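Read through the structure below, which is laid out as structure tokens, and then see the notes.
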Amino acid sequence: MTLTTLLIIFTAALLIATVSTPLARRAGMRWGFIDRPSARKIHTSAVPRFGGVAMVSAVLIALLIFEDRYGMSQLASILIGASWVSILGALDDRWGLRPIYKLLGQIGASIFLLLSGVQVSFLPSPYLNWLVTIVWIVGITNAINFLDNMDGLSSGVVAIASGYFLLLAVQSGQYLVGGLAAALLGASVGFLFYNLNPASIFMGDTGSLFLGFVLAALGIKLRFPGNYAIVTWMVPVLVLGLPIFDTTLVVVSRIRRGLHPATPGKDHVSHRLVRKGFTQRETVMLLYLVSGLSGMVAQFVTHATVLEAYMLGGAALILSLYAMWWLERIPLLDQTEKFDKDTMPGT
């Protein structure tokens, strides 16, 4: 596979997502895939949440057209696992699904991927590698879902992360990762046209769970033969640093307040920044910048020595802990309090 092929995959996914998203919007309204305003949400009008179908279709079609060029069965395993969690997301979008059922389905998809050979391999024990693989896949899948809480936020961050994965894959000659990343980038950018503030369609769990699963698989498949595994394991963690940070903040905050981690609420990084005085658009742009900077650090780590990498990793951890402390000090909105519709019409 050449750079031209990657460009074709990106362009195909972009065009398919751009054309199919308006169709998904109409279908979502007709079939009842609608996100209605409520006390725990910040949009003020009914919005279809069927955009994930357009994104999934864009990725699958763009990749399957070039399937013969991969010659790797792991591609099929990744797409099957991602499609399975996407189906669970679609059921949740339409009829509602208990979190435990989605979690069990995600674990099953992770085990399926593990059995196909897509797994973490830098730890000394195979059992630890298996455990970390499942935790990573389930964790990132849900982190992207958690991040989908404001117009354009999740789709934009996925586009940034996919762009970095594509760049890193090309640099190391990994075309399975490159093809997946190119398709994901194209689908995310195509959908983002309609998902920016004010969004006319949401991706729903159908899209966010699919995107998260594929990103998790990309992070595992990425390899850096020119550096040590004890260094390069940080690369996907840094590329996906923002969704990991947001999920950690929300889970820790809810547990501290005596709430179940799966309890919906307006306590994400984005909500807290708006509470601090930023508009929704300013918040999303700021978080895009944070995601981009985190990816730049990841790019540097690929060529860093062990000492340099762990100094950077330590600095990132300290900065994250300080940011978590600072964000936790911002008063949270009561579930019944409304955002101003001009600043917060998001998801």
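Labeling convention for the structure tokens: chains A, B, ... as they appear, residues from 1 per chain, ligands from 1 in order of appearance.
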Sorted by chain and rising residue number, list the residues of region 152-175 of chain A at most 12 Å from region 290-294 of chain A (counting only C-alpha atoms), each with its closest atom pair and distance in Å to one decimal, as CSV.
residue,atom,partner,partner_atom,distance
A:Leu153,CA,A:Ser291,CA,10.6
A:Ser154,CA,A:Ser291,CA,10.9
A:Gly156,CA,A:Ser291,CA,9.5
A:Val157,CA,A:Ser291,CA,6.6
A:Val158,CA,A:Ser291,CA,9.4
A:Ala159,CA,A:Ser291,CA,10.2
A:Ile160,CA,A:Gly292,CA,6.5
A:Ala161,CA,A:Ser291,CA,7.6
A:Ser162,CA,A:Gly292,CA,11.0
A:Gly163,CA,A:Gly292,CA,9.7
A:Tyr164,CA,A:Gly292,CA,8.6
A:Phe165,CA,A:Gly292,CA,11.9
Suppose we keep C-alpha atoms; can you now write the selection as a PDB file, in the first residue's frame?
ATOM      1  CA  LEU A 153     -15.915  17.765  20.546  1.00  0.00           C
ATOM      2  CA  SER A 154     -15.678  13.999  20.198  1.00  0.00           C
ATOM      3  CA  GLY A 156     -12.943  16.643  16.311  1.00  0.00           C
ATOM      4  CA  VAL A 157     -10.739  14.949  18.899  1.00  0.00           C
ATOM      5  CA  VAL A 158     -11.117  11.618  17.080  1.00  0.00           C
ATOM      6  CA  ALA A 159     -10.017  13.366  13.864  1.00  0.00           C
ATOM      7  CA  ILE A 160      -6.942  14.795  15.608  1.00  0.00           C
ATOM      8  CA  ALA A 161      -6.021  11.444  17.175  1.00  0.00           C
ATOM      9  CA  SER A 162      -6.576   9.632  13.871  1.00  0.00           C
ATOM     10  CA  GLY A 163      -4.377  12.180  12.113  1.00  0.00           C
ATOM     11  CA  TYR A 164      -1.534  11.529  14.543  1.00  0.00           C
ATOM     12  CA  PHE A 165      -1.971   7.763  14.268  1.00  0.00           C
TER      13      PHE A 165
END
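Take the candidates A:Ala90, A:Met324, A:Ala169, A:Ile80 and check each one against Gly207 (chain A) using only C-alpha atoms; the shortest distance goes to A:Ala90.
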### Task
List the neighbours of Met311 (chain A) out to 12 Å using only C-alpha atoms; skip same-chain residues closer than 6 positions along the sequence, and give me the result as a PyMOL selection string.
chain A and resi 231+234+297+301+304-305+317-318
### Message
Neighbouring residues of Ser77 (chain A) were defined as those with any atom within 8 Å, considering only C-alpha atoms; residues of the same chain fewer than 2 positions away were excluded. Please report them as a PyMOL selection string.
### Response
chain A and resi 73-75+79-81+112-113+116
Just write the chosen residues, C-alpha atoms, as an mmCIF file, in the first residue's frame.
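After the write, result_9.cif holds the following:
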data_model
loop_
_atom_site.group_PDB
_atom_site.id
_atom_site.type_symbol
_atom_site.label_atom_id
_atom_site.label_comp_id
_atom_site.auth_asym_id
_atom_site.auth_seq_id
_atom_site.Cartn_x
_atom_site.Cartn_y
_atom_site.Cartn_z
ATOM 1 C CA SER A 73 -7.160 -11.124 8.975
ATOM 2 C CA GLN A 74 -6.770 -8.771 11.932
ATOM 3 C CA LEU A 75 -8.448 -6.007 9.943
ATOM 4 C CA LEU A 79 -14.048 -4.153 12.093
ATOM 5 C CA ILE A 80 -16.230 -6.998 13.397
ATOM 6 C CA GLY A 81 -15.536 -6.050 17.016
ATOM 7 C CA PHE A 112 -12.587 -11.549 20.296
ATOM 8 C CA LEU A 113 -9.952 -9.032 19.233
ATOM 9 C CA SER A 116 -7.252 -12.654 16.747
#
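Taking CA of Val235 (chain A) and CA of Gly117 (chain A) as the two end points, the separation is 20.2 Å.
Proximity ranking of A:Asp246, A:Asp267, A:Asp92, A:Asp148 relative to Ser208 (chain A) places A:Asp148 first, based on only C-alpha atoms.
Of the residues under consideration (A:Ala262, A:Ile78, A:Met203, A:Val239), A:Met203 shows the shortest atom-to-atom contact distance to Ala187 (chain A) when counting only C-alpha atoms.
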If you count only C-alpha atoms, which residues fall within 7 Å of region 119-131 of chain A, apart from same-chain ones fewer than 3 positions away, as a CSV table (one decimal) with N, CA and C atoms, in the first residue's frame?
chain,number,residue,atom,x,y,z
A,114,LEU,N,-8.6,-9.9,21.0
A,114,LEU,CA,-7.5,-10.5,21.7
A,114,LEU,C,-7.1,-11.9,21.0
A,134,ILE,N,-7.6,-5.9,27.4
A,134,ILE,CA,-9.1,-5.7,27.6
A,134,ILE,C,-9.4,-4.4,28.3
A,135,VAL,N,-8.7,-4.0,29.3
A,135,VAL,CA,-8.9,-2.8,30.0
A,135,VAL,C,-8.7,-1.6,29.1
A,220,ILE,N,-3.0,-0.2,19.9
A,220,ILE,CA,-2.3,-1.5,20.2
A,220,ILE,C,-1.5,-1.9,19.0
A,229,ALA,N,10.1,-0.7,23.9
A,229,ALA,CA,8.7,-0.9,24.3
A,229,ALA,C,8.4,-0.2,25.6
